[in-house]
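A.B. asks: This is data.txt (compact mmCIF, C-alpha atoms).
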# COMPACT_ATOMS: atom_id res chain seq x y z
CA MET J 1 0.00 0.00 0.00
CA HIS J 2 1.49 3.33 -1.10
CA PRO J 3 1.67 6.08 1.54
CA ALA J 4 -1.09 8.65 1.07
CA ARG J 5 -0.23 11.99 -0.51
CA HIS J 6 -1.11 15.00 1.66
CA PHE J 7 -1.52 18.76 1.07
CA LEU J 8 -0.52 20.27 4.42
CA GLN J 9 1.33 23.34 3.14
CA LEU J 10 1.74 24.80 -0.32
CA LYS J 11 5.33 23.70 -0.78
CA ASP J 12 4.30 20.05 -0.33
CA PHE J 13 3.57 20.20 -4.08
CA SER J 14 6.05 21.06 -6.83
CA ARG J 15 5.48 23.93 -9.24
CA GLU J 16 4.67 21.37 -11.96
CA GLU J 17 2.01 19.76 -9.78
CA LEU J 18 0.46 23.10 -8.88
CA GLU J 19 0.43 24.19 -12.52
CA TYR J 20 -1.30 20.92 -13.37
CA LEU J 21 -3.92 21.75 -10.70
CA PHE J 22 -4.47 25.16 -12.33
CA LEU J 23 -5.10 23.49 -15.70
CA ARG J 24 -7.57 21.10 -14.07
CA THR J 25 -9.21 23.99 -12.19
CA ARG J 26 -9.87 25.78 -15.50
CA TRP J 27 -11.24 22.62 -17.12
CA ILE J 28 -13.47 21.76 -14.13
CA LYS J 29 -14.70 25.36 -13.83
CA ASP J 30 -15.55 25.51 -17.55
CA ARG J 31 -17.63 22.34 -17.22
CA PHE J 32 -19.36 23.77 -14.15
CA LYS J 33 -20.24 26.99 -16.00
CA ARG J 34 -21.77 24.94 -18.84
CA TYR J 35 -23.84 22.91 -16.35
CA GLU J 36 -22.11 19.73 -17.53
CA ALA J 37 -21.90 17.05 -14.87
CA TYR J 38 -18.42 15.77 -14.03
CA GLN J 39 -18.41 13.15 -11.29
CA PRO J 40 -15.08 11.29 -10.98
CA LEU J 41 -15.56 10.84 -7.20
CA ARG J 42 -18.80 8.84 -7.26
CA ASP J 43 -19.04 6.60 -4.19
CA ARG J 44 -16.11 8.46 -2.57
CA THR J 45 -16.39 10.18 0.80
CA LEU J 46 -14.73 13.31 2.19
CA ALA J 47 -14.60 13.80 5.97
CA MET J 48 -14.40 17.48 6.96
CA VAL J 49 -13.09 18.01 10.49
CA PHE J 50 -13.65 21.52 11.83
CA GLU J 51 -11.97 22.57 15.05
CA LYS J 52 -12.33 26.17 13.82
CA SER J 53 -15.58 27.48 12.37
CA SER J 54 -15.82 28.34 8.70
CA THR J 55 -18.10 29.62 5.95
CA ARG J 56 -16.15 29.45 2.68
CA THR J 57 -14.13 26.34 3.55
CA ARG J 58 -17.24 24.41 4.60
CA VAL J 59 -19.37 25.41 1.62
CA SER J 60 -16.61 25.07 -1.00
CA PHE J 61 -15.48 21.60 0.11
CA GLU J 62 -19.00 20.26 0.70
CA ALA J 63 -20.43 21.65 -2.54
CA GLY J 64 -17.29 20.66 -4.43
CA MET J 65 -17.37 17.04 -3.23
CA ASN J 66 -21.07 16.81 -4.06
CA GLN J 67 -20.51 18.25 -7.54
CA LEU J 68 -17.76 15.67 -8.14
CA GLY J 69 -20.30 12.94 -7.32
CA GLY J 70 -19.09 12.19 -3.79
CA ILE J 71 -20.37 12.68 -0.28
CA ALA J 72 -19.03 15.09 2.36
CA ILE J 73 -19.42 14.43 6.09
CA ASN J 74 -19.12 17.46 8.37
CA LEU J 75 -17.58 16.87 11.80
CA ASN J 76 -17.29 19.70 14.31
CA ARG J 77 -15.08 19.22 17.35
CA GLY J 78 -18.13 18.49 19.50
CA ASP J 79 -19.21 15.73 17.08
CA THR J 80 -16.03 13.72 17.68
CA GLN J 81 -14.27 12.17 20.65
CA LEU J 82 -11.53 14.80 20.23
CA SER J 83 -13.59 16.98 22.57
CA ARG J 84 -13.33 14.21 25.18
CA GLY J 85 -9.61 13.78 24.84
CA GLU J 86 -9.26 10.97 22.30
CA PRO J 87 -5.75 11.17 20.80
CA ILE J 88 -5.71 12.70 17.32
CA GLU J 89 -3.65 9.73 16.15
CA ASP J 90 -6.47 7.34 17.07
CA VAL J 91 -9.10 9.54 15.42
CA SER J 92 -6.97 9.50 12.26
CA ARG J 93 -6.52 5.73 12.28
CA VAL J 94 -10.28 5.20 12.49
CA ILE J 95 -11.61 7.93 10.18
CA SER J 96 -9.10 7.12 7.45
CA ARG J 97 -10.37 3.51 7.31
CA MET J 98 -13.89 4.77 6.56
CA VAL J 99 -13.43 7.62 4.07
CA ASP J 100 -11.34 8.39 0.97
CA VAL J 101 -9.98 11.85 1.83
CA VAL J 102 -9.95 14.14 4.89
CA MET J 103 -9.95 17.94 5.15
CA ILE J 104 -9.05 19.46 8.53
CA ARG J 105 -9.37 23.05 9.73
CA THR J 106 -7.61 23.32 13.08
CA PHE J 107 -5.18 25.22 15.29
CA GLU J 108 -1.45 24.33 15.35
CA GLN J 109 0.11 22.83 12.23
CA THR J 110 1.47 19.99 14.41
CA ILE J 111 -2.11 18.73 14.91
CA ILE J 112 -2.68 18.19 11.19
CA GLU J 113 0.81 16.73 10.79
CA ARG J 114 0.10 14.18 13.54
CA PHE J 115 -3.22 13.31 11.90
CA ALA J 116 -1.62 12.90 8.47
CA ALA J 117 1.19 10.71 9.87
CA HIS J 118 -1.41 8.10 10.90
CA SER J 119 -3.86 8.47 7.99
CA ARG J 120 -4.26 5.88 5.25
CA VAL J 121 -5.90 8.48 2.97
CA PRO J 122 -4.93 11.98 1.74
CA VAL J 123 -5.24 14.82 4.24
CA ILE J 124 -5.87 18.43 3.17
CA ASN J 125 -5.10 21.50 5.27
CA GLY J 126 -8.28 23.61 5.31
CA LEU J 127 -6.47 26.17 7.53
CA THR J 128 -4.11 26.10 10.50
CA ASN J 129 -2.59 28.87 12.58
CA GLU J 130 0.49 28.71 10.36
CA TYR J 131 -0.78 28.08 6.81
CA HIS J 132 -3.79 28.33 4.48
CA PRO J 133 -2.66 26.56 1.28
CA CYS J 134 -6.12 26.09 -0.27
CA GLN J 135 -6.67 29.86 -0.13
CA ILE J 136 -3.45 30.68 -1.97
CA LEU J 137 -4.12 27.93 -4.51
CA ALA J 138 -7.35 29.76 -5.36
CA ASP J 139 -5.72 33.20 -5.18
CA ILE J 140 -2.93 32.38 -7.62
CA TYR J 141 -5.39 30.71 -9.98
CA THR J 142 -7.52 33.88 -9.82
CA PHE J 143 -4.51 36.05 -10.68
CA ILE J 144 -3.63 33.81 -13.63
CA GLU J 145 -7.25 33.92 -14.80
CA HIS J 146 -7.27 37.74 -14.78
CA ARG J 147 -3.68 38.71 -15.56
CA GLY J 148 -1.74 35.65 -16.78
CA PRO J 149 1.39 34.04 -15.28
CA ILE J 150 2.44 35.23 -11.83
CA ARG J 151 6.17 34.53 -12.28
CA GLY J 152 8.21 37.72 -11.86
CA LYS J 153 5.23 39.72 -10.56
CA THR J 154 5.01 41.61 -7.27
CA VAL J 155 2.41 40.91 -4.57
CA ALA J 156 1.96 43.49 -1.80
CA TRP J 157 0.82 42.02 1.52
CA ILE J 158 -0.49 44.71 3.88
CA GLY J 159 -1.35 43.98 7.52
CA ASP J 160 -0.80 41.01 9.81
CA SER J 161 1.88 38.42 8.98
CA ASN J 162 -0.58 35.57 9.56
CA ASN J 163 -1.17 32.13 8.05
CA VAL J 164 -2.28 33.56 4.68
CA CYS J 165 0.80 35.81 4.52
CA ASN J 166 3.04 32.83 5.36
CA THR J 167 1.52 30.87 2.50
CA TRP J 168 2.00 33.74 0.03
CA LEU J 169 5.68 33.75 1.03
CA GLN J 170 5.94 30.02 0.34
CA ALA J 171 4.18 30.49 -3.00
CA ALA J 172 6.67 33.18 -4.01
CA GLU J 173 9.51 30.68 -3.65
CA VAL J 174 7.64 27.99 -5.58
CA PHE J 175 6.47 30.24 -8.45
CA ASP J 176 9.36 32.75 -8.52
CA PHE J 177 7.55 36.01 -7.80
CA ASN J 178 8.11 38.69 -5.14
CA VAL J 179 6.16 39.62 -2.03
CA HIS J 180 6.37 43.07 -0.45
CA VAL J 181 5.25 42.78 3.17
CA SER J 182 4.29 45.73 5.33
CA THR J 183 3.17 45.08 8.92
CA PRO J 184 2.99 47.31 11.98
CA PRO J 185 6.00 47.08 14.34
CA GLY J 186 5.79 43.89 16.39
CA TYR J 187 3.83 41.95 13.77
CA GLU J 188 6.67 41.20 11.35
CA VAL J 189 7.16 38.00 9.36
CA GLU J 190 8.74 35.10 11.25
CA PRO J 191 10.71 33.29 8.49
CA GLU J 192 10.99 30.03 10.43
CA ARG J 193 7.25 29.93 11.09
CA ALA J 194 6.59 30.64 7.42
CA GLY J 195 8.92 27.78 6.49
CA LEU J 196 11.32 30.05 4.58
CA TYR J 197 15.03 29.46 4.21
CA GLY J 198 16.01 32.65 2.40
CA THR J 199 14.80 36.16 1.66
CA ASP J 200 15.19 36.14 -2.12
CA HIS J 201 11.49 36.48 -2.79
CA TYR J 202 10.22 38.87 -0.14
CA GLU J 203 11.07 42.29 1.22
CA GLU J 204 9.71 44.07 4.28
CA PHE J 205 8.59 47.72 4.25
CA ALA J 206 7.86 49.95 7.23
CA ASP J 207 5.56 52.12 5.11
CA PRO J 208 2.66 50.28 3.41
CA LEU J 209 2.64 52.85 0.59
CA ASP J 210 6.19 51.79 -0.29
CA ALA J 211 5.14 48.13 -0.25
CA CYS J 212 2.34 48.84 -2.73
CA ARG J 213 4.56 50.77 -5.15
CA GLY J 214 4.66 48.91 -8.47
CA ALA J 215 2.67 45.92 -7.18
CA ASP J 216 0.65 43.75 -9.56
CA LEU J 217 -1.56 42.44 -6.77
CA VAL J 218 -2.44 44.03 -3.43
CA THR J 219 -3.89 41.81 -0.75
CA THR J 220 -4.72 41.83 2.95
CA ASP J 221 -6.66 39.98 5.64
CA VAL J 222 -8.51 40.81 8.84
CA TRP J 223 -6.38 42.46 11.52
CA THR J 224 -7.51 39.97 14.16
CA SER J 225 -7.34 36.34 13.09
CA MET J 226 -9.26 33.55 14.84
CA GLY J 227 -7.69 32.82 18.18
CA PHE J 228 -6.47 36.39 18.73
CA GLU J 229 -9.82 38.01 19.64
CA ALA J 230 -8.50 39.11 23.06
CA GLU J 231 -6.03 41.39 21.24
CA ASN J 232 -8.70 43.04 19.08
CA ALA J 233 -8.77 46.50 20.72
CA GLU J 234 -4.96 46.72 20.73
CA ARG J 235 -4.74 45.56 17.14
CA LEU J 236 -7.27 48.16 15.96
CA LYS J 237 -4.89 50.85 17.24
CA ASP J 238 -1.69 49.20 15.99
CA PHE J 239 -3.01 48.58 12.46
CA ALA J 240 -4.83 51.90 11.96
CA ASP J 241 -2.37 53.06 9.25
CA TRP J 242 -2.46 49.72 7.40
CA GLN J 243 -5.91 50.01 5.82
CA VAL J 244 -5.76 49.28 2.08
CA ASP J 245 -7.39 52.37 0.60
CA GLY J 246 -7.45 54.25 -2.68
CA GLU J 247 -4.14 55.96 -1.91
CA MET J 248 -2.39 52.60 -1.55
CA MET J 249 -3.99 51.17 -4.70
CA ALA J 250 -2.83 54.28 -6.58
CA GLN J 251 0.78 53.33 -5.77
CA ALA J 252 0.32 49.92 -7.43
CA ARG J 253 0.40 49.32 -11.17
CA PRO J 254 -2.66 50.59 -13.07
CA GLN J 255 -3.67 47.00 -13.88
CA ALA J 256 -3.16 45.76 -10.30
CA VAL J 257 -5.89 43.66 -8.73
CA PHE J 258 -7.04 43.61 -5.12
CA MET J 259 -7.68 40.39 -3.18
CA HIS J 260 -8.97 39.51 0.27
CA CYS J 261 -9.59 35.97 1.54
CA LEU J 262 -12.71 37.13 3.46
CA PRO J 263 -14.52 37.73 5.74
CA ALA J 264 -13.73 41.43 5.32
CA HIS J 265 -14.28 44.31 7.69
CA ARG J 266 -14.90 47.39 5.54
CA GLY J 267 -13.43 50.46 7.21
CA GLU J 268 -10.78 48.40 9.01
CA GLU J 269 -8.24 46.44 6.91
CA VAL J 270 -9.81 47.59 3.63
CA ALA J 271 -11.73 50.65 2.48
CA THR J 272 -15.16 50.11 0.94
CA GLU J 273 -13.99 51.91 -2.22
CA VAL J 274 -11.31 49.26 -2.73
CA ILE J 275 -13.11 45.99 -1.98
CA ASP J 276 -16.17 47.10 -3.95
CA GLY J 277 -14.12 48.90 -6.60
CA LEU J 278 -13.17 48.03 -10.17
CA GLN J 279 -9.79 46.52 -9.24
CA SER J 280 -11.28 44.06 -6.76
CA VAL J 281 -11.44 40.40 -7.84
CA VAL J 282 -12.55 39.27 -4.38
CA TRP J 283 -15.75 37.52 -5.49
CA ASP J 284 -14.03 35.58 -8.28
CA GLU J 285 -11.34 34.71 -5.73
CA ALA J 286 -13.98 33.37 -3.32
CA GLU J 287 -15.69 31.31 -6.03
CA ASN J 288 -12.39 29.87 -7.17
CA ARG J 289 -11.93 28.18 -3.79
CA LEU J 290 -14.64 25.80 -5.02
CA HIS J 291 -13.01 25.00 -8.36
CA ALA J 292 -9.38 24.84 -7.18
CA GLN J 293 -10.35 22.50 -4.33
CA LYS J 294 -12.26 20.26 -6.73
CA ALA J 295 -9.07 19.95 -8.79
CA LEU J 296 -7.14 19.18 -5.60
CA LEU J 297 -9.64 16.51 -4.49
CA GLU J 298 -9.56 14.93 -7.94
CA TYR J 299 -5.76 14.83 -7.95
CA LEU J 300 -5.38 13.40 -4.44
CA VAL J 301 -8.01 10.71 -4.94
CA CYS J 302 -7.62 9.86 -8.65
CA GLY J 303 -4.09 10.97 -9.52
CA LYS J 304 -3.39 12.73 -12.82
CA VAL J 305 -6.33 12.82 -15.20
CA GLU J 306 -6.08 13.34 -18.96
CA SER J 307 -8.79 15.78 -20.01
What is this file in structure tokens?

C.D. replies:
Amino acid sequence: MHPARHFLQLKDFSREELEYLFLRTRWIKDRFKRYEAYQPLRDRTLAMVFEKSSTRTRVSFEAGMNQLGGIAINLNRGDTQLSRGEPIEDVSRVISRMVDVVMIRTFEQTIIERFAAHSRVPVINGLTNEYHPCQILADIYTFIEHRGPIRGKTVAWIGDSNNVCNTWLQAAEVFDFNVHVSTPPGYEVEPERAGLYGTDHYEEFADPLDACRGADLVTTDVWTSMGFEAENAERLKDFADWQVDGEMMAQARPQAVFMHCLPAHRGEEVATEVIDGLQSVVWDEAENRLHAQKALLEYLVCGKVES
């Protein structure tokens, strides 16, 4: 029995594999838009384990698995024996004998790594404190869809150096583009946590306007990620000058696009004029979670498919 292939962080896959996923995403999305059924995962089951709540991850994985002909089972922490102290290794051993693929949205990356180490089936990271690879898979596909190849481009990340930021930094190394990061003092990138071994593909800027200068894509996230709610009042003060507004977008290239992984707080990390403006591709980005994850599910369960 071959060991299962997992998608726990973006750099688990090679550039060639990710580019293959983008081709499959386009093909699967085109079929979806033409209302043509494509069901390679008939009689297959996805278990979705949520230790953190979700809207987009839940809907995109559940709808995606259903559209591919399979079944998705939703398990919140309270639905499992995890809430009563059952070791994650034991939960993995059991669940992976009953389903074909598992998606987990949890806290520390070590939790999902422990689960994957004892799973007989592929495990997908639906979000951890450290990484959000499914989001960046969809984001890069969205950029390619709107502007073509991302190699050599510049992405400006404004705000908190969180799990989404970490994954953008990994993606820059895989796809050979640059990330300009601007965070308030005290919230800087932690290279080890991001899994980086060099600084060739990112640069830090004290002034967010400088980070946006010449960017092809400007992106941000909420100032207070899940798990940091106690810091909310302090963060609102610390991040006040890091709102992506029209002035920042004006520093970027004229054809630059704006992204946000959502949920968004208009008037905090992003101005209404930006997220609802002509440069925003946020809604395409959100929809593409569905299609990119369908390509990922297909690949992990079926291997390479000739279209």

A.B. asks: Counting only C-alpha atoms, which residues sit no farther than 9 Å from the position (-10.9, 9.5, -5.6) in the file's frame? I'd like them as a list in words.

C.D. replies: Pro40, Leu41, Arg42, Asp43, Arg44, Thr45, Gly70, Asp100, Val101, Leu297, Glu298, Tyr299, Leu300, Val301, Cys302 and Gly303 of chain J

A.B. asks: Counting all atoms listed in the file, what is within 7 Å of region 21-23 of chain J, bar same-chain residues fewer than 6 positions away, as a PDB file with C-alpha atoms, in the coordinates of the input?

C.D. replies:
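Result written to part_38.pdb:
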ATOM      1  CA  TYR J 141      -5.390  30.710  -9.980  1.00  0.00           C
ATOM      2  CA  ALA J 295      -9.070  19.950  -8.790  1.00  0.00           C
ATOM      3  CA  LEU J 296      -7.140  19.180  -5.600  1.00  0.00           C
TER       4      LEU J 296
END

A.B. asks: For Ser280 (chain J), please output as a list in words all residues within 8 Å (counting all atoms listed in the file; exclusion window: fewer than 2 positions along the same chain).

C.D. replies: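 These residues fall inside the cut-off: Val257, Phe258, Met259, Val274, Ile275, Asp276, Gly277, Leu278 and Val282 of chain J.
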
A.B. asks: Pick out the closest residue to Lys52 (chain J) from this set: J:Glu36, J:Glu108, J:Glu306, J:Asp176. Count only C-alpha atoms.

C.D. replies: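 Of all the options, J:Glu108 lies closest to Lys52 (chain J).
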
A.B. asks: J:Tyr38, J:Phe115, J:Phe50, J:Phe143: which is nearest Asp90 (chain J), counting only C-alpha atoms?

C.D. replies: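 Of J:Tyr38, J:Phe115, J:Phe50, J:Phe143, the one nearest Asp90 (chain J) is J:Phe115, counting only C-alpha atoms.
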
A.B. asks: So that I can check the surroundings of region 224-228 of chain J, please list as a ChimeraX atom specification every protein, DNA and RNA residue that reaches within 10 Å of it, counting all atoms listed in the file and ignoring chain neighbours fewer than 4 positions away.

C.D. replies: /J:52-53,107,129,159-160,162-163,232-236,239,269

A.B. asks: Output region 130-160 of chain J as an mmCIF file, in the coordinates of the input, making sure N, CA and C atoms are there.

C.D. replies:
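Contents of result-v7.cif, freshly written:
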data_model
loop_
_atom_site.group_PDB
_atom_site.id
_atom_site.type_symbol
_atom_site.label_atom_id
_atom_site.label_comp_id
_atom_site.auth_asym_id
_atom_site.auth_seq_id
_atom_site.Cartn_x
_atom_site.Cartn_y
_atom_site.Cartn_z
ATOM 1 N N GLU J 130 -0.728 28.371 11.112
ATOM 2 C CA GLU J 130 0.490 28.710 10.360
ATOM 3 C C GLU J 130 0.268 28.885 8.872
ATOM 4 N N TYR J 131 -0.646 28.096 8.278
ATOM 5 C CA TYR J 131 -0.780 28.080 6.810
ATOM 6 C C TYR J 131 -2.234 27.991 6.359
ATOM 7 N N HIS J 132 -2.464 28.456 5.117
ATOM 8 C CA HIS J 132 -3.790 28.330 4.480
ATOM 9 C C HIS J 132 -3.578 28.032 2.992
ATOM 10 N N PRO J 133 -3.057 26.826 2.663
ATOM 11 C CA PRO J 133 -2.660 26.560 1.280
ATOM 12 C C PRO J 133 -3.802 26.542 0.270
ATOM 13 N N CYS J 134 -5.002 26.113 0.680
ATOM 14 C CA CYS J 134 -6.120 26.090 -0.270
ATOM 15 C C CYS J 134 -6.504 27.502 -0.701
ATOM 16 N N GLN J 135 -6.361 28.468 0.211
ATOM 17 C CA GLN J 135 -6.670 29.860 -0.130
ATOM 18 C C GLN J 135 -5.710 30.379 -1.194
ATOM 19 N N ILE J 136 -4.432 30.141 -1.021
ATOM 20 C CA ILE J 136 -3.450 30.680 -1.970
ATOM 21 C C ILE J 136 -3.502 29.924 -3.291
ATOM 22 N N LEU J 137 -3.875 28.657 -3.271
ATOM 23 C CA LEU J 137 -4.120 27.930 -4.510
ATOM 24 C C LEU J 137 -5.186 28.658 -5.328
ATOM 25 N N ALA J 138 -6.275 29.035 -4.675
ATOM 26 C CA ALA J 138 -7.350 29.760 -5.360
ATOM 27 C C ALA J 138 -6.924 31.170 -5.756
ATOM 28 N N ASP J 139 -6.147 31.830 -4.893
ATOM 29 C CA ASP J 139 -5.720 33.200 -5.180
ATOM 30 C C ASP J 139 -4.827 33.259 -6.406
ATOM 31 N N ILE J 140 -3.854 32.361 -6.479
ATOM 32 C CA ILE J 140 -2.930 32.380 -7.620
ATOM 33 C C ILE J 140 -3.680 32.004 -8.893
ATOM 34 N N TYR J 141 -4.580 31.037 -8.800
ATOM 35 C CA TYR J 141 -5.390 30.710 -9.980
ATOM 36 C C TYR J 141 -6.177 31.937 -10.436
ATOM 37 N N THR J 142 -6.738 32.685 -9.485
ATOM 38 C CA THR J 142 -7.520 33.880 -9.820
ATOM 39 C C THR J 142 -6.648 34.917 -10.514
ATOM 40 N N PHE J 143 -5.415 35.095 -10.020
ATOM 41 C CA PHE J 143 -4.510 36.050 -10.680
ATOM 42 C C PHE J 143 -4.231 35.605 -12.111
ATOM 43 N N ILE J 144 -3.927 34.329 -12.285
ATOM 44 C CA ILE J 144 -3.630 33.810 -13.630
ATOM 45 C C ILE J 144 -4.835 34.014 -14.550
ATOM 46 N N GLU J 145 -6.015 33.777 -14.030
ATOM 47 C CA GLU J 145 -7.250 33.920 -14.800
ATOM 48 C C GLU J 145 -7.431 35.360 -15.292
ATOM 49 N N HIS J 146 -7.069 36.330 -14.432
ATOM 50 C CA HIS J 146 -7.270 37.740 -14.780
ATOM 51 C C HIS J 146 -6.077 38.386 -15.474
ATOM 52 N N ARG J 147 -4.855 37.966 -15.097
ATOM 53 C CA ARG J 147 -3.680 38.710 -15.560
ATOM 54 C C ARG J 147 -2.584 37.828 -16.174
ATOM 55 N N GLY J 148 -2.774 36.510 -16.207
ATOM 56 C CA GLY J 148 -1.740 35.650 -16.780
ATOM 57 C C GLY J 148 -0.730 35.192 -15.748
ATOM 58 N N PRO J 149 0.412 34.645 -16.199
ATOM 59 C CA PRO J 149 1.390 34.040 -15.280
ATOM 60 C C PRO J 149 1.826 34.993 -14.174
ATOM 61 N N ILE J 150 2.064 34.419 -12.994
ATOM 62 C CA ILE J 150 2.440 35.230 -11.830
ATOM 63 C C ILE J 150 3.956 35.332 -11.677
ATOM 64 N N ARG J 151 4.712 34.511 -12.399
ATOM 65 C CA ARG J 151 6.170 34.530 -12.280
ATOM 66 C C ARG J 151 6.709 35.940 -12.566
ATOM 67 N N GLY J 152 7.587 36.413 -11.683
ATOM 68 C CA GLY J 152 8.210 37.720 -11.860
ATOM 69 C C GLY J 152 7.353 38.893 -11.422
ATOM 70 N N LYS J 153 6.121 38.638 -11.004
ATOM 71 C CA LYS J 153 5.230 39.720 -10.560
ATOM 72 C C LYS J 153 5.514 40.086 -9.105
ATOM 73 N N THR J 154 4.850 41.150 -8.652
ATOM 74 C CA THR J 154 5.010 41.610 -7.270
ATOM 75 C C THR J 154 3.655 41.623 -6.563
ATOM 76 N N VAL J 155 3.608 40.944 -5.421
ATOM 77 C CA VAL J 155 2.410 40.910 -4.570
ATOM 78 C C VAL J 155 2.708 41.752 -3.336
ATOM 79 N N ALA J 156 1.819 42.692 -3.024
ATOM 80 C CA ALA J 156 1.960 43.490 -1.800
ATOM 81 C C ALA J 156 1.029 42.935 -0.738
ATOM 82 N N TRP J 157 1.609 42.497 0.379
ATOM 83 C CA TRP J 157 0.820 42.020 1.520
ATOM 84 C C TRP J 157 0.825 43.112 2.574
ATOM 85 N N ILE J 158 -0.365 43.607 2.922
ATOM 86 C CA ILE J 158 -0.490 44.710 3.880
ATOM 87 C C ILE J 158 -1.248 44.223 5.105
ATOM 88 N N GLY J 159 -0.639 44.354 6.289
ATOM 89 C CA GLY J 159 -1.350 43.980 7.520
ATOM 90 C C GLY J 159 -0.623 42.969 8.365
ATOM 91 N N ASP J 160 -1.348 41.969 8.846
ATOM 92 C CA ASP J 160 -0.800 41.010 9.810
ATOM 93 C C ASP J 160 -0.045 39.897 9.082
#
